[in-house]
Structure formats: C-alpha cells, structure tokens
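Presented below is the structure to which this report refers.
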Amino acid sequence: MTSFDFLTPIVTQSDVVTFSDDRVNLKKEKAQQYRDQVNNLRDHLDRYLREHPDLGISKMQLSGSLAKGTALSTIKDVDVAVYVNGEAPSDLDALLNWLAERLRKTYPQMPYGAIRVDGPCVVISFSGTGIDVDISPILDLNDENGYGYLWDPITRKKIKTSIPLHLKFIRKRKEKHPNHYAQVIRLLKWWAKQRAKDTQNFELRSFILELIVTKLADDGLDFSNYHIALEKVFAYIIKSGLKERIAFTDNYTSSALPKSRVHPVEIFDPVSAENNVADNISEYTRQQIVDAAEKALDAISYARNCQTKRDSIQCWQELMGASFNA
C-alpha cells in the first residue's frame, strides 16, 4: 500500500518558480528594454537642460516597480519622477499641463498627442519602442535625500516623499533576502490582480503589499519557501485584520507618527511619518481584503493536503488564476 506524504505538497516550490518565470515576472530582456528607454529619456533631458537651464526641470528618477525589481509581466508602462523647481504651478492640473508643454519643447519632432496628460501624470508614448513612460511631477525641495512633494496617484493628495529613499528601503530588504523577498511580492501582486478581476470593486495597492511583506521580513520571516511564505502573509492579514499599525524606523522615529488612530488601516510611508498610504481604505474595503486573504489561505493550505495533482492545481488556480499549471 502506498502511503501519502502530507508534508510534501504535490505542487512543489519548483512548480511555483516555473510559473513565476513563465507568467508572473517581467522578462529580463523586456526589463532592459524599458530601462534603456528611460536612460535615453534621461540623457535627452540632461542634454536639453544643459542648453536650457531655465526650463524649470531639475532632474528625473526611475521609480515604481521597475526600479524596485518587483514588476510583473503585465506591466504596460514605466514610472518616472521628474523634479520641478519653484517656478512650476502648485496646482496639480496646472502643473501637469505646464510639464507637458515643457516636455513637448524637448521633443519638437514628436506628434502633439504623443505627450499628453493622463490622470496624475504626463505620458510620453515612444512609437519606435512602443513604450509609454508615465512621468509624475515632484516639487523639488532641493534636499540631499531627494525629498519633494508628489501627488498620490490614487487619492491625488499632495504628499512629501523621497524616491531615492524608497528605493534604498526596498534594496536593504532585497539584500537581506536575495531573490525571494521580491518574488513573494510579485506573487502577491499577481494574486491581487486576479482578485481585481473576480471580486467587484476589489482594490489593493502594490505599495501596501510591499510594506506588509517588508514588515514580516523585518520580523524574521523566511521567504525561501513560497508556499509557506504566502501562507504566512495571508495568515498575518487575517490575524491582524489589517488593524495593526505598520510603520518603519529607517527614516524617522516612532515618536514622529500620529499619536491617535484616525483611519481603519494605518500603513505608513517608510520615508514620511505624515503619509498613511492606506488612508483611502474604508472599513468595507478592509474587510473585503481580509475576506480575500481567508479564501486564499484556505486554498493554499488545502493545496498542501490534496491527494491528487489535479486538485492541488485547482487550488493554486483559485489563488493565481487559470493560467497556473504544474
């Protein structure tokens, strides 16, 4: 009689790695293509700024998931921050139009519509590569740590932040957990994308997932086994109910945080104690995220104990979508 090993999941770590490489992760060659386009844009702006120092733009910085190394295969554009000086308008809509006009001056050969305002950013569409670059303006504070005022893409609130310190914050954890920390973030972002497809009004920002994973990393969670790591993340969301304040002391002391609780969920920007990045999460949305985590934990836990590969794969498909296979 053949005994069944309940400790070893049928869908293995290798299967999850293969799925990640095939479906979830941005391919290295594609990532390099995006980076090359941003480098070309930076070189172009640097040359123009040397000849036109009165343009009102001081510098640019690659930001977002590509800069952090957590980009998904589904990425459609590249995030870039452009620092603007005190001559720029302080109203967001006026600032975006101001920035678009100045970028058009640097690319006179481009069609007018190739540089356009879209949401809280200016988009440059490069027809040669087919790449869109989303440019977010930052009011430059001329701070050595890169602080400035940026408009949140979701809430459109003006917040003080630092792109260089964000990247340093993530890099510190990646160095402590090579490969696995970033991969778990990507898997969770992929899970959240599936929930956005099958759950009405579901919204969970990638930045919030990054900070939840980082909190667990700082608490000592080992990310090397993706099955267990995902279980631990979902279990934390369920146990805490997202009611536990999350903050980091890399760039400020805990005494700088608000003394009293204001929002249902409090997850603070690691470079600014003034910015609760979860302040747009309502009580309804908090409960919706917790419910989704409960379903995810049930699925991934059951996958460990399935006696057939078909059943185990179905559990992972509940978690990661129909494209999952092993």
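All residue names refer to the structure tokens as shown: chains lettered A, B, ... in order, residues numbered from 1 in each chain, ligands numbered from 1 in order.
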Practice prompt. Select from segment 3-249 of chain A everything DSSP, run on the backbone, classes as strand (DSSP E), then give the selection as a PyMOL selection string.
Written response: chain A and resi 57-62+77-84+115-118+121-126+131-140+147-151+158-162
May I have the residues from that selection written out with N, CA and C atoms, as a short mmCIF file (atom, residue, chain, number, x, y, z; two decimals), in the first residue's frame?
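As written to disk, part06.cif reads:
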```cif
data_model
loop_
_atom_site.label_atom_id
_atom_site.label_comp_id
_atom_site.auth_asym_id
_atom_site.auth_seq_id
_atom_site.Cartn_x
_atom_site.Cartn_y
_atom_site.Cartn_z
N ILE A 57 12.88 72.28 -14.93
CA ILE A 57 13.03 70.87 -14.56
C ILE A 57 14.45 70.67 -14.06
N SER A 58 14.60 70.00 -12.91
CA SER A 58 15.94 69.84 -12.34
C SER A 58 16.55 68.46 -12.60
N LYS A 59 15.73 67.40 -12.53
CA LYS A 59 16.28 66.05 -12.72
C LYS A 59 15.14 65.06 -12.87
N MET A 60 15.49 63.82 -13.22
CA MET A 60 14.49 62.76 -13.30
C MET A 60 15.01 61.51 -12.62
N GLN A 61 14.09 60.64 -12.21
CA GLN A 61 14.44 59.45 -11.44
C GLN A 61 13.51 58.31 -11.82
N LEU A 62 14.07 57.16 -12.21
CA LEU A 62 13.27 55.97 -12.43
C LEU A 62 12.61 55.58 -11.10
N ASP A 77 3.68 50.22 -18.80
CA ASP A 77 4.41 51.48 -18.91
C ASP A 77 5.47 51.56 -17.82
N VAL A 78 6.30 52.58 -17.90
CA VAL A 78 7.40 52.76 -16.96
C VAL A 78 7.14 54.03 -16.15
N ASP A 79 7.34 53.93 -14.84
CA ASP A 79 7.14 55.08 -13.97
C ASP A 79 8.44 55.86 -13.78
N VAL A 80 8.33 57.16 -13.99
CA VAL A 80 9.48 58.05 -13.82
C VAL A 80 9.01 59.28 -13.05
N ALA A 81 9.86 59.77 -12.15
CA ALA A 81 9.58 61.01 -11.43
C ALA A 81 10.45 62.11 -12.02
N VAL A 82 9.84 63.26 -12.28
CA VAL A 82 10.59 64.42 -12.75
C VAL A 82 10.46 65.52 -11.70
N TYR A 83 11.61 65.98 -11.23
CA TYR A 83 11.64 67.04 -10.22
C TYR A 83 11.56 68.39 -10.91
N VAL A 84 10.63 69.22 -10.43
CA VAL A 84 10.44 70.56 -11.00
C VAL A 84 10.73 71.60 -9.91
N ILE A 115 2.70 63.25 -26.33
CA ILE A 115 2.97 63.71 -24.97
C ILE A 115 1.66 64.30 -24.45
N ARG A 116 1.06 63.65 -23.47
CA ARG A 116 -0.28 64.03 -23.06
C ARG A 116 -0.45 63.86 -21.55
N VAL A 117 -1.39 64.58 -21.01
CA VAL A 117 -1.75 64.43 -19.59
C VAL A 117 -2.73 63.27 -19.48
N ASP A 118 -2.46 62.37 -18.56
CA ASP A 118 -3.34 61.21 -18.35
C ASP A 118 -3.36 60.90 -16.85
N CYS A 121 -0.41 62.15 -14.13
CA CYS A 121 0.94 62.13 -14.70
C CYS A 121 0.89 62.59 -16.16
N VAL A 122 2.08 62.79 -16.71
CA VAL A 122 2.24 63.09 -18.13
C VAL A 122 2.80 61.85 -18.80
N VAL A 123 2.18 61.41 -19.88
CA VAL A 123 2.60 60.20 -20.58
C VAL A 123 3.32 60.58 -21.86
N ILE A 124 4.50 59.97 -22.06
CA ILE A 124 5.20 60.08 -23.34
C ILE A 124 5.14 58.72 -24.01
N SER A 125 4.55 58.66 -25.20
CA SER A 125 4.47 57.41 -25.96
C SER A 125 5.56 57.42 -27.03
N PHE A 126 6.49 56.49 -26.92
CA PHE A 126 7.58 56.38 -27.88
C PHE A 126 7.18 55.36 -28.95
N ILE A 131 6.81 51.90 -26.11
CA ILE A 131 6.81 52.02 -24.65
C ILE A 131 6.21 53.36 -24.23
N ASP A 132 5.35 53.32 -23.23
CA ASP A 132 4.82 54.53 -22.60
C ASP A 132 5.60 54.80 -21.32
N VAL A 133 6.00 56.04 -21.13
CA VAL A 133 6.66 56.45 -19.89
C VAL A 133 5.70 57.39 -19.15
N ASP A 134 5.33 56.98 -17.93
CA ASP A 134 4.44 57.80 -17.09
C ASP A 134 5.30 58.69 -16.21
N ILE A 135 5.18 59.98 -16.39
CA ILE A 135 6.02 60.93 -15.67
C ILE A 135 5.21 61.65 -14.60
N SER A 136 5.60 61.45 -13.36
CA SER A 136 4.94 62.11 -12.23
C SER A 136 5.80 63.29 -11.79
N PRO A 137 5.21 64.48 -11.70
CA PRO A 137 5.98 65.64 -11.26
C PRO A 137 6.16 65.66 -9.74
N ILE A 138 7.34 66.04 -9.32
CA ILE A 138 7.64 66.22 -7.89
C ILE A 138 8.16 67.64 -7.70
N LEU A 139 7.54 68.37 -6.78
CA LEU A 139 8.03 69.70 -6.46
C LEU A 139 9.31 69.55 -5.65
N ASP A 140 10.42 69.93 -6.24
CA ASP A 140 11.75 69.68 -5.67
C ASP A 140 11.98 70.55 -4.44
N TYR A 147 13.93 64.49 -1.19
CA TYR A 147 12.56 64.76 -0.79
C TYR A 147 11.92 65.80 -1.70
N GLY A 148 10.62 65.64 -1.88
CA GLY A 148 9.83 66.60 -2.63
C GLY A 148 8.36 66.30 -2.43
N TYR A 149 7.50 67.10 -3.04
CA TYR A 149 6.06 66.90 -2.92
C TYR A 149 5.53 66.24 -4.18
N LEU A 150 4.86 65.11 -3.98
CA LEU A 150 4.31 64.29 -5.06
C LEU A 150 2.82 64.11 -4.82
N TRP A 151 2.05 64.01 -5.91
CA TRP A 151 0.62 63.75 -5.78
C TRP A 151 0.36 62.25 -5.84
N LYS A 158 -1.47 65.69 -2.06
CA LYS A 158 -0.08 66.15 -2.14
C LYS A 158 0.66 65.63 -0.91
N ILE A 159 1.71 64.85 -1.14
CA ILE A 159 2.44 64.23 -0.03
C ILE A 159 3.93 64.46 -0.16
N LYS A 160 4.59 64.53 0.98
CA LYS A 160 6.05 64.65 1.00
C LYS A 160 6.64 63.26 0.96
N THR A 161 7.57 63.03 0.04
CA THR A 161 8.15 61.70 -0.09
C THR A 161 9.53 61.80 -0.73
N SER A 162 10.22 60.66 -0.83
CA SER A 162 11.55 60.62 -1.43
C SER A 162 11.70 59.33 -2.23
#
```
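The smallest atom-to-atom distance between Val262 of chain A and any of A:Ile237, A:Ala247, A:Leu204, A:Ile281, using only C-alpha atoms, is found for A:Ile281.
Comparing the minimum interatomic distances between Ile208 of chain A and each of A:Asp269, A:Leu257, A:Asp311, A:Asp250, counting only C-alpha atoms, we find that A:Asp269 sits nearest.
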Practice prompt. List every residue of segment 92-199 of chain A that DSSP, applied to the backbone of this structure, assigns to helix (DSSP H, G or I), and report them as an MDAnalysis selection string.
Written response: chainID A and resid 92:106 112:114 163:176 180:198
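Using only C-alpha atoms, the contacts of segment 172-189 of chain A at a cut-off of 8 Å, with sequence neighbours closer than 4 positions omitted, comprise Ser20, Val24, Asn25, Gly69, Thr70, Ala71, Leu72, Lys168, Lys193, Ser206, Leu209, Glu210, Val213, Thr214, Ala217, Phe223, Ser224, Tyr226, Ala229 and Leu230 of chain A.
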Contacts of Tyr302 of chain A at 12 Å (only C-alpha atoms; same-chain gap of 2+ positions) as a CSV table (one decimal) with C-alpha atoms, in the first residue's frame:
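As written to disk, selection_25.csv reads:
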```
chain,number,residue,atom,x,y,z
A,6,PHE,CA,1.1,15.1,3.7
A,7,LEU,CA,4.2,17.2,4.5
A,9,PRO,CA,2.9,19.4,-1.4
A,10,ILE,CA,2.2,18.0,-4.8
A,11,VAL,CA,2.6,21.4,-6.3
A,227,HIS,CA,4.1,28.1,-0.4
A,231,GLU,CA,0.5,31.2,3.8
A,295,LYS,CA,-10.1,32.4,0.9
A,296,ALA,CA,-6.5,32.5,-0.3
A,297,LEU,CA,-5.2,30.8,2.9
A,298,ASP,CA,-7.9,28.1,2.6
A,299,ALA,CA,-6.9,27.4,-1.0
A,300,ILE,CA,-3.2,27.3,-0.5
A,304,ARG,CA,-0.8,21.2,0.5
A,305,ASN,CA,-3.0,18.3,1.6
A,306,CYS,CA,-4.6,17.3,-1.7
A,307,GLN,CA,-4.0,13.7,-2.7
A,308,THR,CA,-4.1,14.4,-6.5
A,309,LYS,CA,-2.2,16.8,-8.6
A,311,ASP,CA,-6.9,19.0,-7.1
A,312,SER,CA,-3.8,20.8,-5.9
A,313,ILE,CA,-3.5,22.7,-9.2
A,314,GLN,CA,-7.2,23.7,-8.9
A,315,CYS,CA,-6.4,25.2,-5.5
A,316,TRP,CA,-3.5,27.2,-6.9
A,318,GLU,CA,-8.1,29.7,-7.3
A,319,LEU,CA,-5.2,31.7,-5.9
```
Discussion item. Neighbouring residues of Ser254 of chain A were defined as those with any atom within 12 Å, considering only C-alpha atoms; residues of the same chain fewer than 5 positions away were excluded. Please report them as a PyMOL selection string.
Written reply: chain A and resi 245-249+259+268+270+272-274
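Across the model, the gap from atom CA of Gly321 of chain A to atom CA of Lys27 of chain A is 19.5 Å.
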